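Enquirer: One file is attached below, query-v6.cif, containing mmCIF, C-alpha atoms.
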data_start
#
loop_
_atom_site.label_atom_id
_atom_site.label_comp_id
_atom_site.auth_asym_id
_atom_site.auth_seq_id
_atom_site.Cartn_x
_atom_site.Cartn_y
_atom_site.Cartn_z
CA MET A 13 14.87 -15.45 -2.04
CA SER A 14 18.46 -15.15 -0.90
CA GLY A 15 19.78 -18.13 0.99
CA ASN A 16 20.96 -16.12 4.01
CA LYS A 17 17.58 -14.50 4.67
CA THR A 18 15.61 -16.43 7.25
CA ARG A 19 12.47 -14.37 7.66
CA ALA A 20 10.25 -11.97 5.77
CA GLU A 21 9.87 -8.34 6.68
CA ILE A 22 6.21 -7.96 7.63
CA ILE A 23 4.74 -4.57 6.67
CA VAL A 24 1.20 -3.50 7.52
CA ILE A 25 -0.29 -0.83 5.25
CA THR A 26 -2.92 1.19 7.04
CA SER A 27 -4.91 4.44 6.99
CA GLY A 28 -7.18 6.39 9.30
CA LYS A 29 -10.02 6.59 6.81
CA GLY A 30 -11.17 4.71 3.73
CA GLY A 31 -10.75 5.99 0.19
CA VAL A 32 -7.18 7.28 0.49
CA GLY A 33 -5.65 4.53 -1.66
CA LYS A 34 -4.40 2.06 0.95
CA THR A 35 -5.27 -1.08 -1.04
CA THR A 36 -3.96 0.51 -4.26
CA THR A 37 -0.71 1.23 -2.41
CA THR A 38 -0.49 -2.37 -1.15
CA ALA A 39 -1.00 -3.77 -4.66
CA ASN A 40 1.57 -1.44 -6.23
CA ILE A 41 4.25 -2.03 -3.59
CA GLY A 42 3.67 -5.78 -3.82
CA VAL A 43 4.04 -5.80 -7.61
CA GLY A 44 7.02 -3.43 -7.38
CA LEU A 45 8.87 -5.71 -4.95
CA ALA A 46 8.10 -8.71 -7.17
CA MET A 47 9.51 -6.77 -10.15
CA LYS A 48 12.72 -6.49 -8.09
CA ASP A 49 12.84 -10.29 -7.77
CA LYS A 50 11.60 -10.41 -4.18
CA LYS A 51 9.24 -13.17 -3.10
CA VAL A 52 6.14 -11.42 -1.79
CA ALA A 53 2.89 -12.43 -0.09
CA LEU A 54 0.00 -9.96 0.15
CA ILE A 55 -2.52 -10.70 2.91
CA ASP A 56 -5.90 -8.97 2.64
CA THR A 57 -7.31 -8.54 6.15
CA ASP A 58 -10.22 -6.29 5.14
CA THR A 59 -12.67 -9.10 5.82
CA GLY A 60 -16.13 -8.47 4.36
CA LEU A 61 -14.80 -5.71 2.09
CA ARG A 62 -11.95 -7.34 0.20
CA ASN A 63 -10.67 -5.57 -2.92
CA LEU A 64 -7.02 -6.52 -3.28
CA ASP A 65 -7.98 -9.46 -5.53
CA LEU A 66 -9.69 -7.06 -7.98
CA LEU A 67 -6.72 -4.71 -8.13
CA LEU A 68 -4.44 -7.65 -9.00
CA GLY A 69 -6.87 -9.20 -11.50
CA LEU A 70 -7.15 -12.38 -9.41
CA GLU A 71 -10.83 -12.30 -8.40
CA ASN A 72 -11.70 -15.38 -10.50
CA ARG A 73 -8.92 -17.55 -9.08
CA ILE A 74 -9.89 -17.61 -5.41
CA MET A 75 -10.67 -21.02 -3.91
CA TYR A 76 -9.99 -20.49 -0.21
CA ASP A 77 -9.49 -17.44 2.00
CA LEU A 78 -7.82 -16.13 5.15
CA VAL A 79 -10.67 -17.30 7.39
CA ASP A 80 -10.40 -20.84 5.97
CA VAL A 81 -6.70 -20.78 6.87
CA THR A 82 -6.95 -19.29 10.37
CA GLU A 83 -9.82 -21.64 11.27
CA GLY A 84 -7.69 -24.61 10.20
CA ARG A 85 -9.71 -25.81 7.21
CA VAL A 86 -6.80 -25.54 4.76
CA PRO A 87 -3.03 -24.87 5.01
CA TYR A 88 -2.04 -21.38 3.88
CA LYS A 89 -0.22 -22.66 0.79
CA LYS A 90 -3.50 -24.02 -0.52
CA ALA A 91 -5.17 -20.60 -0.17
CA LEU A 92 -2.35 -18.59 -1.82
CA VAL A 93 -3.22 -17.30 -5.29
CA PRO A 94 -0.18 -16.83 -7.57
CA HIS A 95 -0.09 -13.69 -9.68
CA LYS A 96 -0.54 -14.29 -13.41
CA LYS A 97 2.55 -12.33 -14.47
CA PHE A 98 4.85 -12.45 -11.44
CA ARG A 99 5.29 -15.99 -10.17
CA ASN A 100 7.06 -14.73 -7.03
CA LEU A 101 3.96 -12.73 -5.98
CA PHE A 102 1.10 -14.36 -4.07
CA LEU A 103 -2.22 -13.16 -2.67
CA LEU A 104 -3.91 -14.55 0.42
CA PRO A 105 -7.43 -13.11 0.03
CA THR A 106 -9.89 -12.76 2.86
CA SER A 107 -13.57 -13.65 3.06
CA GLN A 108 -16.25 -11.48 1.45
CA VAL A 109 -19.01 -12.84 3.68
CA LYS A 110 -17.50 -13.00 7.18
CA ASP A 111 -16.89 -9.97 9.39
CA LYS A 112 -13.65 -8.56 10.78
CA SER A 113 -13.98 -10.42 14.10
CA SER A 114 -13.54 -13.72 12.19
CA VAL A 115 -9.75 -13.35 12.41
CA ASN A 116 -8.08 -12.47 15.72
CA PRO A 117 -4.60 -11.00 16.31
CA GLU A 118 -3.16 -14.27 17.67
CA ALA A 119 -4.32 -16.25 14.61
CA LEU A 120 -2.79 -13.71 12.19
CA MET A 121 0.49 -13.60 14.16
CA LYS A 122 0.68 -17.38 14.08
CA LEU A 123 0.04 -17.39 10.31
CA CYS A 124 2.72 -14.73 9.65
CA ASP A 125 5.14 -16.71 11.81
CA GLU A 126 4.43 -19.78 9.68
CA MET A 127 4.84 -17.86 6.39
CA LYS A 128 7.86 -15.69 7.10
CA SER A 129 10.53 -18.27 6.26
CA GLU A 130 9.03 -18.61 2.75
CA PHE A 131 9.01 -14.95 1.72
CA ASP A 132 11.15 -11.82 1.54
CA TYR A 133 8.19 -9.53 2.25
CA ILE A 134 4.70 -10.03 3.65
CA LEU A 135 2.41 -7.02 3.10
CA ILE A 136 -0.79 -6.83 5.15
CA ASP A 137 -3.62 -4.74 3.72
CA CYS A 138 -5.33 -3.37 6.83
CA PRO A 139 -8.98 -2.29 7.12
CA ALA A 140 -9.46 1.47 7.57
CA GLY A 141 -10.08 2.82 11.06
CA ILE A 142 -8.99 1.61 14.51
CA GLU A 143 -11.48 -1.14 15.29
CA GLN A 144 -10.93 -4.89 15.70
CA GLY A 145 -9.69 -5.39 12.12
CA PHE A 146 -6.94 -2.80 12.64
CA GLN A 147 -5.80 -4.40 15.91
CA THR A 148 -5.61 -7.78 14.16
CA ALA A 149 -3.75 -6.51 11.09
CA ILE A 150 -1.00 -4.70 13.00
CA ALA A 151 -0.33 -7.44 15.55
CA GLY A 152 2.54 -9.24 13.81
CA ALA A 153 3.98 -6.36 11.77
CA ASP A 154 7.62 -5.24 11.96
CA CYS A 155 6.86 -1.97 10.19
CA ALA A 156 3.78 0.13 9.39
CA ILE A 157 3.13 2.34 6.38
CA VAL A 158 0.42 4.95 6.94
CA VAL A 159 -1.29 6.19 3.77
CA THR A 160 -2.96 9.58 3.75
CA MET A 161 -3.99 12.38 1.39
CA PRO A 162 -3.12 16.11 1.57
CA GLU A 163 -6.47 16.99 3.14
CA ILE A 164 -6.90 18.08 6.74
CA SER A 165 -9.43 15.34 7.68
CA ALA A 166 -7.26 12.58 6.18
CA VAL A 167 -4.13 13.91 7.93
CA ARG A 168 -5.97 14.18 11.25
CA ASP A 169 -7.11 10.55 10.89
CA ALA A 170 -3.55 9.53 9.99
CA ASP A 171 -2.33 11.24 13.17
CA LYS A 172 -4.80 9.18 15.18
CA ILE A 173 -3.58 5.96 13.51
CA ILE A 174 0.04 6.87 14.29
CA GLY A 175 -0.95 7.32 17.93
CA GLU A 176 -2.67 3.91 17.98
CA LEU A 177 0.41 2.28 16.41
CA GLY A 178 2.56 3.88 19.11
CA ARG A 179 0.27 2.51 21.82
CA ALA A 180 0.71 -0.94 20.26
CA ASP A 181 4.53 -0.50 20.52
CA LYS A 182 4.98 -0.14 16.77
CA ASP A 183 7.68 2.47 16.37
CA ASN A 184 8.88 1.78 12.81
CA ILE A 185 6.24 3.88 11.01
CA LYS A 186 6.58 5.39 7.54
CA LEU A 187 4.28 7.73 5.58
CA ILE A 188 2.96 7.76 2.02
CA VAL A 189 1.01 10.82 0.83
CA ASN A 190 -1.29 9.87 -2.01
CA ARG A 191 -3.34 11.76 -4.64
CA ILE A 192 -1.34 14.97 -4.52
CA ARG A 193 -2.64 17.65 -6.91
CA PRO A 194 0.21 20.15 -7.29
CA GLN A 195 -1.99 22.96 -8.59
CA MET A 196 -4.36 22.66 -5.60
CA VAL A 197 -1.35 22.67 -3.26
CA GLU A 198 -0.01 25.83 -4.94
CA GLN A 199 -3.42 27.50 -4.64
CA GLY A 200 -3.56 26.63 -0.93
CA ASP A 201 -6.50 24.23 -1.40
CA MET A 202 -4.44 21.18 -0.34
CA LEU A 203 -1.85 20.82 2.41
CA ASP A 204 1.75 20.92 1.26
CA MET A 205 4.36 18.39 2.36
CA LYS A 206 5.86 20.76 4.94
CA ASP A 207 2.47 21.09 6.66
CA ILE A 208 1.96 17.31 6.62
CA ASN A 209 5.46 16.58 7.92
CA ASP A 210 5.02 19.17 10.70
CA ILE A 211 1.75 17.58 11.81
CA LEU A 212 2.68 13.89 11.56
CA SER A 213 6.45 13.95 12.21
CA ILE A 214 7.22 10.55 10.66
CA THR A 215 9.52 9.68 7.76
CA CYS A 216 7.83 10.07 4.38
CA ILE A 217 8.79 7.40 1.82
CA GLY A 218 6.28 8.32 -0.89
CA GLN A 219 4.61 11.30 -2.56
CA VAL A 220 2.18 10.01 -5.18
CA PRO A 221 0.52 12.44 -7.59
CA ASP A 222 -3.16 12.15 -8.47
CA ASP A 223 -3.13 10.29 -11.79
CA GLU A 224 -6.12 9.11 -13.84
CA LYS A 225 -4.02 6.15 -15.01
CA VAL A 226 -4.46 4.71 -11.49
CA VAL A 227 -8.19 4.34 -12.19
CA THR A 228 -7.78 2.84 -15.67
CA SER A 229 -5.10 0.41 -14.52
CA THR A 230 -7.17 -0.60 -11.47
CA ASN A 231 -10.12 -1.38 -13.73
CA ARG A 232 -7.84 -3.66 -15.77
CA GLY A 233 -6.53 -5.45 -12.68
CA GLU A 234 -3.00 -4.22 -13.40
CA PRO A 235 -1.48 -1.91 -10.77
CA VAL A 236 -0.23 1.38 -12.22
CA ILE A 237 3.40 0.51 -11.37
CA MET A 238 3.23 -1.82 -14.41
CA THR A 239 2.43 1.17 -16.65
CA GLU A 240 5.41 2.82 -18.34
CA ASP A 241 4.26 6.43 -18.77
CA SER A 242 2.55 7.09 -15.44
CA LEU A 243 3.75 9.61 -12.87
CA ALA A 244 2.02 7.66 -10.09
CA GLY A 245 3.68 4.48 -11.36
CA ARG A 246 7.05 6.20 -11.19
CA ALA A 247 6.32 7.37 -7.63
CA TYR A 248 5.46 3.79 -6.57
CA LYS A 249 8.69 2.50 -8.16
CA ASN A 250 10.59 5.05 -6.08
CA ILE A 251 8.74 3.93 -2.93
CA VAL A 252 9.80 0.33 -3.58
CA ARG A 253 13.41 1.43 -4.03
CA ARG A 254 13.26 3.29 -0.69
CA ILE A 255 11.79 0.20 1.03
CA LEU A 256 14.76 -1.74 -0.35
CA GLY A 257 17.12 0.76 1.25
CA GLU A 258 18.01 3.01 -1.69
CA ASP A 259 18.34 6.77 -1.28
CA VAL A 260 15.98 8.18 -3.93
CA GLU A 261 15.10 11.84 -4.42
CA PHE A 262 11.43 12.79 -4.49
CA MET A 263 10.03 13.82 -7.86
CA ASP A 264 9.33 17.54 -8.27
CA LEU A 265 5.58 17.36 -8.78
CA HIS A 266 5.23 21.15 -8.92
CA LYS A 267 7.67 21.74 -11.77
CA ASP A 268 5.30 20.64 -14.55
CA THR A 269 2.41 22.61 -13.10
CA PHE A 270 4.50 25.78 -12.85
CA LEU A 271 5.80 25.44 -16.41
CA ARG A 272 2.28 24.91 -17.73
CA ARG A 273 1.06 28.02 -15.93
CA LEU A 274 4.05 30.02 -17.18
CA LYS A 275 3.39 28.95 -20.77
CA ARG A 276 -0.27 29.86 -20.40
CA ALA A 277 0.67 33.29 -19.03
CA PHE A 278 2.78 33.90 -22.14
CA GLY A 279 0.14 32.51 -24.49
CA MET A 280 2.32 29.52 -25.41
CA ASN A 281 -0.40 26.85 -24.97
#
Kindly transcribe the structure held in the file into C-alpha cells.

Expert:
Amino acid sequence: MSGNKTRAEIIVITSGKGGVGKTTTTANIGVGLAMKDKKVALIDTDTGLRNLDLLLGLENRIMYDLVDVTEGRVPYKKALVPHKKFRNLFLLPTSQVKDKSSVNPEALMKLCDEMKSEFDYILIDCPAGIEQGFQTAIAGADCAIVVTMPEISAVRDADKIIGELGRADKDNIKLIVNRIRPQMVEQGDMLDMKDINDILSITCIGQVPDDEKVVTSTNRGEPVIMTEDSLAGRAYKNIVRRILGEDVEFMDLHKDTFLRRLKRAFGMN
C-alpha cells in the first residue's frame, strides 16, 4: 500500500436478484486488484448463504467469521483468511448458520472504519434483494457496483436497487452487465447495452460475456480472471483497470459472433 494513502476505498457489490453473478464479480475484482499490487479485503455479508470462500478456494481455512468479529469475540485480523496465491488479498467470511440480522449497519460501519487504514480496497459482497442484509452491506460504502444481466427482470430489479441506493444517499453507483450472449442480443432475445443504459442511466464499467470457463474456474476455486484465454477473464481485467482510473475501451463482443455467422453463410465452417 502506498505510504500517502490513509484509507481504503470501500465498494459494495450488489444486485436486485440472486444468480446474476454478484459474488463471482466480487471474487474476480478482488483478485484483479490484488494482481495489480493493491492490498484488498473482501467481506462476505451474505450471512447464512456465504459462497465467496468457495469461489476463492478458501473454504477449508475458515476459523472465525464476520459475526464473531462484530460481536466482539475476536479482532478482525484473527478472522481474515489470506489468499493462497496473493498474499495481499484477504477474505473476511461470514457465518453459514446465523441469519442476516446478526450483523447490523452500525457494526459493519465500525468494522470498515477500523480496517480502512490497512487496505487499499475493501469490497463488500452484498446479499441479493433490499432487505436487512442489503441495508447493512451498503451502510459504510463509498461506492456501489450494481451487477445485472441483459434480461428485463434482472434490469428491473437493478433499477429498484439503484433507487434504494439513492434513498440511502449513495450517489457513486456503477454498473456491470454480466453473462452477455451476443447472438441472443443480435436476435433480440436479450437486451442490448443501449436499452440497458437507457433504462438504468448509470455509468457502465463492465460488459462480461457468458463464458463456460467461469463455471470451470469457480469449481476449482480460482476466479476466471486468473485464466489466460478467457473472454470473461479479459472483461474482468478491464473492469479492474477502470476501477483504477484507466480509460479502457469495451471489447466488441459481437464481432466474433458476426464473423462466425458470415463464415457459416458462405459455407466456411

Enquirer: Evaluate the PyMOL selection byres ((chain A and resi 246-259) around 7) and record the selected residues as a PyMOL selection string, following the chain and residue labels used in the document.

Expert: chain A and resi 40-41+44-45+217-220+237+242-245+260-261

Enquirer: Tell me, in Å to one decimal, how far CA of Val79 in chain A is from CA of Cys138 in chain A.

Expert: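 Those two atoms sit 14.9 Å apart.
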
Enquirer: Closest to Leu120 in chain A among A:Leu54, A:Leu78, A:Val159, A:Ala140, using only C-alpha atoms?

Expert: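 Selected residue with least distance to Leu120 in chain A: A:Leu78.
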
Enquirer: Which of these residues is nearest to Val32 in chain A, using only C-alpha atoms: A:Ile185, A:Ile192, A:Ala91, A:Met127?

Expert: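 Looking at the shortest contact to Val32 in chain A, the residue is A:Ile192.
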
Enquirer: Applying the PyMOL selection byres ((chain A and resi 36) around 12) to the file I just gave you, which residues come out? Please list them as a ChimeraX atom specification.

Expert: /A:25-27,30-35,37-43,56,63-68,137-138,159,188,190-191,220,226-227,229-231,233-237,244-245,248

Enquirer: Measure the distance from CA of Asp111 in chain A to CA of Asp181 in chain A in Å and round it to one decimal.

Expert: 25.9 Å

Enquirer: Just the residues within 8 Å of range 198-206 of chain A, please, counting all atoms listed in the file, with nothing from its chain fewer than 6 positions along; format it as number ranges by chain.

Expert: A: 162-164

Enquirer: What separation in Å, quoted to one decimal, exists between CA of Thr160 in chain A and CA of Ser213 in chain A?

Expert: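 Separation of CA of Thr160 in chain A and CA of Ser213 in chain A: 13.4 Å.
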
Enquirer: Using only C-alpha atoms, which of the listed residues (A:Val52, A:Met47, A:Met196, A:Val115) sits closest to Ala151 in chain A?

Expert: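 For Ala151 in chain A, the nearest of the given residues is A:Val115.
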
Enquirer: Could you name the residues that touch Lys112 in chain A at 12 Å or less, counting only C-alpha atoms, but leaving out those on the same chain fewer than 4 positions away, as a PyMOL selection string?

Expert: chain A and resi 56-62+78-79+106-108+116-117+138-149

Enquirer: With distances taken over all atoms listed in the file, which residue among A:Cys124, A:Ala166, A:Ile55, A:Ile74 lies nearest Ala153 in chain A?

Expert: A:Cys124
